[in-house]
$ cat my_file-v3.csv   # CSV, C-alpha atoms and all ligand atoms
chain,number,residue,atom,x,y,z
A,23,MET,CA,0.0,0.0,0.0
A,24,ALA,CA,1.3,3.5,-0.8
A,25,ARG,CA,1.4,6.0,2.0
A,26,ILE,CA,2.1,9.6,2.6
A,27,ILE,CA,5.0,10.1,4.9
A,28,ALA,CA,5.3,13.8,5.1
A,29,GLY,CA,4.3,17.2,3.8
A,30,VAL,CA,6.5,20.1,2.8
A,31,ALA,CA,5.4,23.7,2.3
A,32,SER,CA,7.5,26.3,0.6
A,33,SER,CA,7.3,29.7,-1.1
A,34,HIS,CA,8.0,29.5,-4.8
A,35,VAL,CA,9.3,33.0,-5.6
A,36,PRO,CA,10.6,33.1,-9.2
A,37,ALA,CA,13.6,35.2,-8.3
A,38,ILE,CA,14.9,32.3,-6.2
A,39,GLY,CA,15.0,30.3,-9.4
A,40,ALA,CA,16.8,33.1,-11.2
A,41,ALA,CA,19.3,33.3,-8.4
A,42,ILE,CA,20.1,29.6,-8.8
A,43,ASP,CA,20.2,29.8,-12.6
A,44,ASN,CA,22.5,32.8,-12.6
A,45,HIS,CA,24.8,31.4,-9.9
A,46,ARG,CA,24.0,34.1,-7.4
A,47,THR,CA,23.2,31.8,-4.4
A,48,GLU,CA,26.4,32.9,-2.5
A,49,GLU,CA,25.5,36.6,-2.5
A,50,PRO,CA,24.5,37.7,1.0
A,51,TYR,CA,20.9,38.5,0.1
A,52,TRP,CA,20.4,35.0,-1.4
A,53,LYS,CA,22.5,33.1,1.0
A,54,ARG,CA,20.1,34.2,3.8
A,55,VAL,CA,17.3,32.5,1.8
A,56,PHE,CA,19.1,29.3,0.7
A,57,SER,CA,20.8,28.7,4.1
A,58,GLY,CA,17.3,28.1,5.5
A,59,PHE,CA,16.9,25.1,3.2
A,60,GLU,CA,20.1,23.3,3.9
A,61,LYS,CA,18.6,21.2,6.7
A,62,SER,CA,15.5,20.6,4.5
A,63,LYS,CA,17.7,19.2,1.7
A,64,GLU,CA,19.4,16.9,4.3
A,65,TRP,CA,16.0,15.8,5.5
A,66,MET,CA,14.7,15.1,2.0
A,67,ALA,CA,17.9,13.1,1.1
A,68,LYS,CA,17.2,10.9,4.0
A,69,ALA,CA,13.4,10.7,3.5
A,70,LYS,CA,14.0,9.5,-0.1
A,71,PRO,CA,10.4,9.5,-1.3
A,72,ASP,CA,9.4,7.3,-4.1
A,73,VAL,CA,7.0,9.9,-5.5
A,74,CYS,CA,6.1,13.5,-4.7
A,75,ILE,CA,2.8,15.2,-5.3
A,76,ALA,CA,3.4,18.9,-5.9
A,77,VAL,CA,0.4,21.2,-5.2
A,78,TYR,CA,1.3,24.4,-7.0
A,79,ASN,CA,-0.2,27.1,-9.1
A,80,ASP,CA,0.5,27.9,-12.7
A,81,HIS,CA,1.1,31.6,-13.4
A,82,ALA,CA,-0.5,31.8,-16.8
A,83,SER,CA,2.3,29.6,-18.3
A,84,ALA,CA,0.5,26.3,-19.1
A,85,PHE,CA,-3.0,27.7,-18.9
A,86,SER,CA,-3.6,31.2,-20.4
A,87,VAL,CA,-6.1,33.3,-18.5
A,88,GLU,CA,-8.6,32.3,-21.2
A,89,PHE,CA,-9.2,29.1,-19.2
A,90,VAL,CA,-8.0,28.2,-15.8
A,91,PRO,CA,-9.0,24.9,-14.3
A,92,THR,CA,-9.7,25.0,-10.5
A,93,PHE,CA,-7.8,21.7,-9.9
A,94,ALA,CA,-5.8,20.1,-12.6
A,95,LEU,CA,-3.9,16.9,-12.1
A,96,GLY,CA,-0.8,16.1,-14.3
A,97,CYS,CA,-1.2,12.6,-15.5
A,98,ALA,CA,1.5,12.7,-18.2
A,99,ALA,CA,4.8,10.9,-18.2
A,100,GLU,CA,6.7,14.2,-18.2
A,101,PHE,CA,6.4,17.9,-17.7
A,102,PRO,CA,9.0,20.1,-19.3
A,103,PRO,CA,9.9,23.5,-17.7
A,104,ALA,CA,7.8,26.4,-19.2
A,105,ASP,CA,9.2,29.4,-20.9
A,106,GLU,CA,8.2,32.3,-18.6
A,107,GLY,CA,9.7,35.0,-20.8
A,108,TRP,CA,13.5,34.3,-20.5
A,109,GLY,CA,13.5,30.8,-22.0
A,110,PRO,CA,12.7,27.6,-20.0
A,111,ARG,CA,14.7,27.3,-16.8
A,112,PRO,CA,17.7,25.1,-17.1
A,113,VAL,CA,16.2,22.4,-14.7
A,114,PRO,CA,15.5,18.8,-15.4
A,115,VAL,CA,12.2,17.8,-17.1
A,116,VAL,CA,9.8,16.7,-14.3
A,117,LYS,CA,9.0,13.0,-14.7
A,118,GLY,CA,5.5,12.1,-13.7
A,119,HIS,CA,3.9,8.9,-12.4
A,120,PRO,CA,1.0,8.3,-14.8
A,121,GLU,CA,-0.2,5.2,-13.0
A,122,LEU,CA,-0.5,6.7,-9.5
A,123,ALA,CA,-1.8,10.0,-11.1
A,124,ALA,CA,-4.5,8.1,-13.0
A,125,HIS,CA,-5.4,6.2,-9.8
A,126,ILE,CA,-5.7,9.5,-7.8
A,127,ALA,CA,-7.8,11.0,-10.6
A,128,GLN,CA,-10.2,8.1,-10.5
A,129,SER,CA,-10.4,8.0,-6.7
A,130,VAL,CA,-10.9,11.7,-6.1
A,131,ILE,CA,-13.4,12.1,-9.0
A,132,LEU,CA,-15.4,9.2,-7.6
A,133,ASP,CA,-15.2,11.1,-4.3
A,134,GLU,CA,-16.8,14.0,-6.1
A,135,PHE,CA,-13.8,16.3,-6.6
A,136,ASP,CA,-14.2,17.0,-10.3
A,137,LEU,CA,-10.6,17.8,-11.2
A,138,THR,CA,-9.3,18.3,-14.7
A,139,VAL,CA,-7.1,15.6,-16.1
A,140,VAL,CA,-4.1,17.0,-17.9
A,141,ASN,CA,-2.1,14.9,-20.3
A,142,LYS,CA,0.3,17.6,-21.6
A,143,MET,CA,1.6,20.5,-19.5
A,144,GLU,CA,4.6,22.6,-19.0
A,145,VAL,CA,5.5,23.6,-15.4
A,146,ASP,CA,6.6,27.0,-14.2
A,147,HIS,CA,8.4,28.5,-11.2
A,148,GLY,CA,5.5,27.6,-9.0
A,149,LEU,CA,6.7,24.0,-9.2
A,150,THR,CA,10.3,24.0,-10.2
A,151,VAL,CA,11.5,26.5,-7.5
A,152,PRO,CA,10.3,24.4,-4.5
A,153,LEU,CA,11.9,21.3,-6.2
A,154,ASN,CA,15.2,23.2,-6.2
A,155,LEU,CA,14.8,24.3,-2.6
A,156,LEU,CA,14.3,20.7,-1.4
A,157,PHE,CA,16.3,18.7,-3.9
A,158,GLY,CA,19.0,21.2,-4.9
A,159,SER,CA,20.1,21.3,-8.5
A,160,PRO,CA,20.6,17.6,-9.6
A,161,LYS,CA,20.9,16.5,-13.2
A,162,GLU,CA,17.6,14.6,-12.9
A,163,TRP,CA,15.0,15.1,-10.2
A,164,PRO,CA,15.4,12.1,-7.8
A,165,CYS,CA,11.9,10.9,-8.0
A,166,PRO,CA,8.7,11.2,-10.1
A,167,VAL,CA,6.6,14.2,-9.3
A,168,ILE,CA,2.8,14.5,-9.9
A,169,PRO,CA,1.8,18.1,-10.4
A,170,LEU,CA,-1.5,19.3,-9.1
A,171,ALA,CA,-2.3,22.8,-10.3
A,172,VAL,CA,-4.7,24.9,-8.3
A,173,ASN,CA,-6.2,28.1,-9.5
A,174,VAL,CA,-5.2,31.0,-7.3
A,175,VAL,CA,-4.7,33.5,-10.1
A,176,LEU,CA,-8.2,34.1,-11.5
A,177,TYR,CA,-11.1,34.9,-9.2
A,178,PRO,CA,-12.7,32.9,-7.7
A,179,PRO,CA,-10.1,30.4,-6.4
A,180,PRO,CA,-11.3,27.4,-4.3
A,181,THR,CA,-11.9,27.8,-0.6
A,182,GLY,CA,-9.3,26.7,1.9
A,183,HIS,CA,-11.9,24.2,3.2
A,184,ARG,CA,-12.3,22.7,-0.3
A,185,CYS,CA,-8.5,22.5,-0.6
A,186,PHE,CA,-8.2,20.8,2.7
A,187,MET,CA,-10.9,18.2,1.8
A,188,LEU,CA,-9.3,17.5,-1.5
A,189,GLY,CA,-6.1,16.7,0.5
A,190,ARG,CA,-8.1,14.2,2.5
A,191,ALA,CA,-9.4,12.6,-0.7
A,192,ILE,CA,-5.9,12.5,-2.1
A,193,ARG,CA,-4.7,10.7,1.1
A,194,LYS,CA,-7.5,8.1,0.6
A,195,ALA,CA,-6.5,7.7,-3.0
A,196,VAL,CA,-2.8,7.2,-2.2
A,197,GLU,CA,-3.6,4.7,0.6
A,198,SER,CA,-5.7,2.6,-1.8
A,199,TYR,CA,-2.9,2.3,-4.3
A,200,PRO,CA,-1.5,-1.2,-4.1
A,201,GLU,CA,2.2,-0.6,-4.6
A,202,ASP,CA,4.4,0.2,-1.6
A,203,LEU,CA,5.3,3.8,-2.4
A,204,ARG,CA,6.4,6.4,0.1
A,205,VAL,CA,4.9,9.7,-0.9
A,206,VAL,CA,5.7,13.3,0.1
A,207,VAL,CA,3.2,16.1,-0.7
A,208,PHE,CA,4.4,19.6,-1.5
A,209,GLY,CA,2.2,22.7,-0.8
A,210,THR,CA,3.7,25.7,-2.5
A,211,GLY,CA,3.3,29.5,-2.8
A,212,GLY,CA,2.9,32.2,-0.2
A,213,MET,CA,3.6,33.4,2.3
A,214,SER,CA,2.4,37.0,2.7
A,215,HIS,CA,3.0,39.0,-0.5
A,216,GLN,CA,1.3,41.5,-2.8
A,217,ILE,CA,2.9,42.2,-6.1
A,218,SER,CA,1.0,45.2,-7.4
A,219,GLY,CA,-1.3,48.0,-6.5
A,220,PRO,CA,-1.1,50.4,-3.6
A,221,ARG,CA,-0.3,47.7,-1.1
A,222,ALA,CA,2.5,46.2,-3.1
A,223,GLY,CA,5.3,44.9,-0.8
A,224,LEU,CA,2.9,44.0,2.0
A,225,ILE,CA,4.4,41.5,4.5
A,226,ASN,CA,2.6,40.3,7.6
A,227,LYS,CA,4.9,38.3,9.8
A,228,LYS,CA,2.3,37.9,12.6
A,229,PHE,CA,-0.2,36.4,10.2
A,230,ASP,CA,2.4,34.1,8.6
A,231,THR,CA,3.7,32.9,12.0
A,232,ALA,CA,0.2,32.1,13.2
A,233,PHE,CA,-0.5,30.3,9.8
A,234,LEU,CA,2.6,28.1,10.3
A,235,ASP,CA,1.6,27.4,14.0
A,236,ASN,CA,-1.9,26.4,13.0
A,237,LEU,CA,-0.9,24.4,10.0
A,238,THR,CA,0.6,21.9,12.5
A,239,LYS,CA,-1.8,22.1,15.4
A,240,ASP,CA,-5.1,23.5,14.2
A,241,PRO,CA,-5.5,23.2,10.4
A,242,ALA,CA,-9.3,23.1,10.9
A,243,LYS,CA,-9.1,26.7,12.0
A,244,LEU,CA,-7.2,27.6,8.8
A,245,ALA,CA,-9.6,25.7,6.7
A,246,ARG,CA,-12.4,28.0,7.9
A,247,MET,CA,-10.6,31.2,7.0
A,248,PRO,CA,-12.4,33.1,4.1
A,249,HIS,CA,-10.6,34.4,1.1
A,250,VAL,CA,-11.0,38.0,2.2
A,251,GLU,CA,-8.9,37.4,5.3
A,252,TYR,CA,-6.0,36.1,3.2
A,253,MET,CA,-6.3,39.2,1.0
A,254,ARG,CA,-6.6,41.6,3.9
A,255,GLU,CA,-3.9,40.1,6.1
A,256,ALA,CA,-1.5,38.4,3.6
A,257,GLY,CA,-1.9,40.5,0.5
A,258,ALA,CA,-3.5,39.6,-2.9
A,259,GLU,CA,-1.0,36.9,-3.7
A,260,GLY,CA,-1.2,35.5,-0.1
A,261,ILE,CA,-4.2,33.5,-1.3
A,262,GLU,CA,-1.6,31.0,-2.7
A,263,MET,CA,-1.5,29.7,0.9
A,264,VAL,CA,-4.8,27.8,0.3
A,265,MET,CA,-2.5,25.3,-1.6
A,266,TRP,CA,-0.8,24.5,1.7
A,267,LEU,CA,-4.1,23.2,3.0
A,268,VAL,CA,-4.3,20.6,0.3
A,269,MET,CA,-0.9,19.3,1.6
A,270,ARG,CA,-2.1,19.5,5.2
A,271,GLY,CA,-5.4,17.7,4.4
A,272,ALA,CA,-3.4,14.9,2.9
A,273,LEU,CA,-1.5,14.3,6.2
A,274,ASP,CA,-2.8,12.7,9.4
A,275,ASP,CA,-4.7,14.8,11.9
A,276,LYS,CA,-1.7,14.7,14.3
A,277,VAL,CA,1.7,15.5,12.7
A,278,ASP,CA,5.1,16.4,14.0
A,279,GLU,CA,6.7,19.6,12.9
A,280,VAL,CA,10.2,18.6,11.7
A,281,TYR,CA,11.5,22.0,10.7
A,282,ARG,CA,10.5,25.5,9.8
A,283,PHE,CA,12.1,28.5,8.3
A,284,TYR,CA,11.0,32.1,7.7
A,285,THR,CA,12.8,35.0,6.2
A,286,VAL,CA,11.8,38.4,4.8
A,287,PRO,CA,12.0,39.2,1.9
A,288,ALA,CA,12.9,37.3,-1.2
A,289,SER,CA,11.8,39.6,-4.1
A,290,ASN,CA,8.4,40.8,-2.9
A,291,THR,CA,7.6,37.8,-0.6
A,292,ALA,CA,7.9,36.5,2.9
A,293,VAL,CA,9.6,33.2,2.4
A,294,GLY,CA,8.0,30.5,4.6
A,295,HIS,CA,8.8,26.9,4.8
A,296,ILE,CA,7.7,24.0,7.0
A,297,ILE,CA,8.2,20.2,7.0
A,298,LEU,CA,5.5,18.1,8.7
A,299,ALA,CA,5.8,14.4,9.2
A,300,ASN,CA,3.2,11.8,9.7
A,301,ARG,CA,3.9,9.7,12.8
A,302,PRO,CA,5.1,6.2,11.9
A,303,ARG,CA,2.3,3.6,11.6
A,304,ALA,CA,3.3,1.7,14.7
A,305,ALA,CA,3.4,4.8,16.9
A,306,ARG,CA,0.0,5.8,15.6
A,307,HIS,CA,-1.4,2.4,16.5
A,308,ARG,CA,0.1,2.6,20.0
A,309,ALA,CA,-1.4,6.1,20.4
A,310,GLY,CA,-4.7,4.6,19.7
A,311,ALA,CA,-4.0,1.7,22.1
A,312,HIS,CA,-3.8,-0.7,19.2
A,313,LYS,CA,-1.2,-3.3,18.7
A,314,ALA,CA,1.3,-2.5,16.0
A,315,GLY,CA,0.2,-3.8,12.7
A,316,LYS,CA,-3.2,-4.9,13.9
A,317,ARG,CA,-6.6,-3.4,13.5
A,318,PRO,CA,-8.3,-2.2,16.7
A,319,THR,CA,-10.0,-5.3,18.2
A,320,ALA,CA,-12.8,-3.5,19.9
A,321,ARG,CA,-14.0,-2.0,16.6
A,322,LYS,CA,-13.0,-4.8,14.3
A,323,THR,CA,-16.2,-6.7,14.3
A,324,LYS,CA,-18.7,-3.8,14.8
A,325,THR,CA,-20.4,-2.0,12.1
A,326,PRO,CA,-20.7,1.6,13.1
A,327,THR,CA,-23.9,2.6,14.8
A,328,LYS,CA,-25.9,5.5,13.6
A,329,ARG,CA,-24.6,7.6,16.5
A,330,ALA,CA,-21.0,6.6,15.8
A,331,ALA,CA,-21.5,7.6,12.2
A,332,ALA,CA,-23.0,10.9,13.2
A,333,ARG,CA,-20.1,11.5,15.6
A,334,ALA,CA,-17.6,10.8,12.9
A,335,LYS,CA,-19.4,13.2,10.6
A,336,ALA,CA,-19.4,15.9,13.3
A,337,VAL,CA,-15.6,16.0,13.4
A,338,VAL,CA,-15.4,16.8,9.7
A,339,ILE,CA,-14.6,20.5,9.3
A,340,ARG,CA,-17.5,22.4,8.0
A,341,GLY,CA,-18.1,25.7,6.3
A,342,ARG,CA,-15.5,28.4,5.7
B,1,LIG,C1,6.8,36.8,-6.6
B,1,LIG,C2,6.3,35.8,-5.8
B,1,LIG,C3,5.4,34.8,-6.4
B,1,LIG,O1,4.8,33.8,-5.6
B,1,LIG,C4,5.2,34.8,-7.7
B,1,LIG,O2,4.5,33.8,-8.2
B,1,LIG,C5,5.7,35.8,-8.5
B,1,LIG,C6,6.6,36.8,-8.0
B,1,LIG,C7,7.7,37.8,-6.0
B,1,LIG,O3,7.9,37.9,-4.8
B,1,LIG,O4,8.2,38.6,-6.7
B,2,FE,FE,3.3,32.8,-7.1

$ encode --input "my_file-v3.csv" --output "structure tokens" --more "lines below"
Ligand code: DHB
Ligand code: FE
Amino acid sequence: MARIIAGVASSHVPAIGAAIDNHRTEEPYWKRVFSGFEKSKEWMAKAKPDVCIAVYNDHASAFSVEFVPTFALGCAAEFPPADEGWGPRPVPVVKGHPELAAHIAQSVILDEFDLTVVNKMEVDHGLTVPLNLLFGSPKEWPCPVIPLAVNVVLYPPPTGHRCFMLGRAIRKAVESYPEDLRVVVFGTGGMSHQISGPRAGLINKKFDTAFLDNLTKDPAKLARMPHVEYMREAGAEGIEMVMWLVMRGALDDKVDEVYRFYTVPASNTAVGHIILANRPRAARHRAGAHKAGKRPTARKTKTPTKRAAARAKAVVIRGR
């Protein structure tokens, strides 16, 4: 059975990519940013996922503003880097995992998340910059990556709650895939930033810190936050953070914060980054007073009563 071992969230500022591509990572301004990802790269090298799912947004590179799917899953075998105006970034082609992607598409669509299936797509800084931050600059990306593009560029984007619930549906999909794959989910974008208009340059460290805290311990609270609060508190482009909720929804309710990093600014943005790990299966069973590897005996034979089913429903996060 495939399983999700961890989630990683990271900003995807395009200038970070340009700093890498133009060999400027040692300049003090950029060193401050990159030094925050050294530990993350070590963690990732040890975690060695078999597949990553990268929740990111396309910035009018693959999808013109003429049509922007709300959720689009990359089911192709590969995704070349997009030309964002200066030629494609000199990064490896992203290799997908068409079998797992098709399985996720089927599972979540049957769970009533009507996402768009994409069989040909180029990927922009929204996806390639976080890959660099976590994997460095290898000749080939070390594992297949399934892109999941979320619309946060054309109003109206999906709610945080919808993103969180999609994450849950993705977790169910992954856990019903028969092959033993260890999966890491990326949430990208954010944190506070506004690129244009009178509030351009807005940064809100207090909001960002609370978002990072709650991502670990109270994601239900974040999932209820309306769009307008992202806009008001984190700037127009701060809405990218709803994508982090897809990642968080794909993890278990209780997770361990492995690492976080925050620095201001990179270009116009507050760079935020967090690694959250699911607890190992055995520990989760112990926490629930179950024997490792065995299903809970008390519940094994019982079909849920109406009250138990109602209780289970009540813990599902509702509304915005
Ligand atoms: C910047 C940040 C983004 O997330 C983005 O997509 C484009 C630009 C910036 O900080 O300049
Ligand atoms: Fe962006």

$ closest_residue --input "my_file-v3.csv" --among "A:Trp108, A:Phe93, A:Tyr51, A:Tyr78" --to "ligand FE 2 (chain B)" --atoms "all atoms listed in the file"
A:Tyr78

$ closest_atom_pairs --input "my_file-v3.csv" --of "chain A" --to "ligand FE 2 (chain B)" --cutoff "8 Å" --atoms "all atoms listed in the file" --output "JSON lines"
{"residue": "A:Ser33", "atom": "CA", "partner": "B:FE2", "partner_atom": "FE", "distance": 7.8}
{"residue": "A:His34", "atom": "CA", "partner": "B:FE2", "partner_atom": "FE", "distance": 6.2}
{"residue": "A:Val35", "atom": "CA", "partner": "B:FE2", "partner_atom": "FE", "distance": 6.2}
{"residue": "A:Pro36", "atom": "CA", "partner": "B:FE2", "partner_atom": "FE", "distance": 7.6}
{"residue": "A:Asn79", "atom": "CA", "partner": "B:FE2", "partner_atom": "FE", "distance": 7.0}
{"residue": "A:Asp80", "atom": "CA", "partner": "B:FE2", "partner_atom": "FE", "distance": 8.0}
{"residue": "A:His81", "atom": "CA", "partner": "B:FE2", "partner_atom": "FE", "distance": 6.8}
{"residue": "A:His147", "atom": "CA", "partner": "B:FE2", "partner_atom": "FE", "distance": 7.8}
{"residue": "A:Gly148", "atom": "CA", "partner": "B:FE2", "partner_atom": "FE", "distance": 6.0}
{"residue": "A:Gly211", "atom": "CA", "partner": "B:FE2", "partner_atom": "FE", "distance": 5.4}
{"residue": "A:Gly212", "atom": "CA", "partner": "B:FE2", "partner_atom": "FE", "distance": 6.9}
{"residue": "A:Glu259", "atom": "CA", "partner": "B:FE2", "partner_atom": "FE", "distance": 6.8}
{"residue": "A:Glu262", "atom": "CA", "partner": "B:FE2", "partner_atom": "FE", "distance": 6.8}

$ closest_residue --input "my_file-v3.csv" --among "A:Pro179, A:Gly118, A:Gly294, A:Pro287" --to "Thr231 in chain A" --atoms "only C-alpha atoms"
A:Gly294

$ closest_residue --input "my_file-v3.csv" --among "A:Ala37, A:Cys165, A:Ala292, A:Ala299" --to "Ala67 in chain A" --atoms "only C-alpha atoms"
A:Cys165

$ closest_residue --input "my_file-v3.csv" --among "A:Arg301, A:Asn290, A:His295, A:Ala99" --to "ligand LIG 1 (chain B)" --atoms "all atoms listed in the file"
A:Asn290

$ closest_residue --input "my_file-v3.csv" --among "A:Asn300, A:Thr150, A:Ser57, A:Thr181" --to "ligand LIG 1 (chain B)" --atoms "only C-alpha atoms and all ligand atoms"
A:Thr150
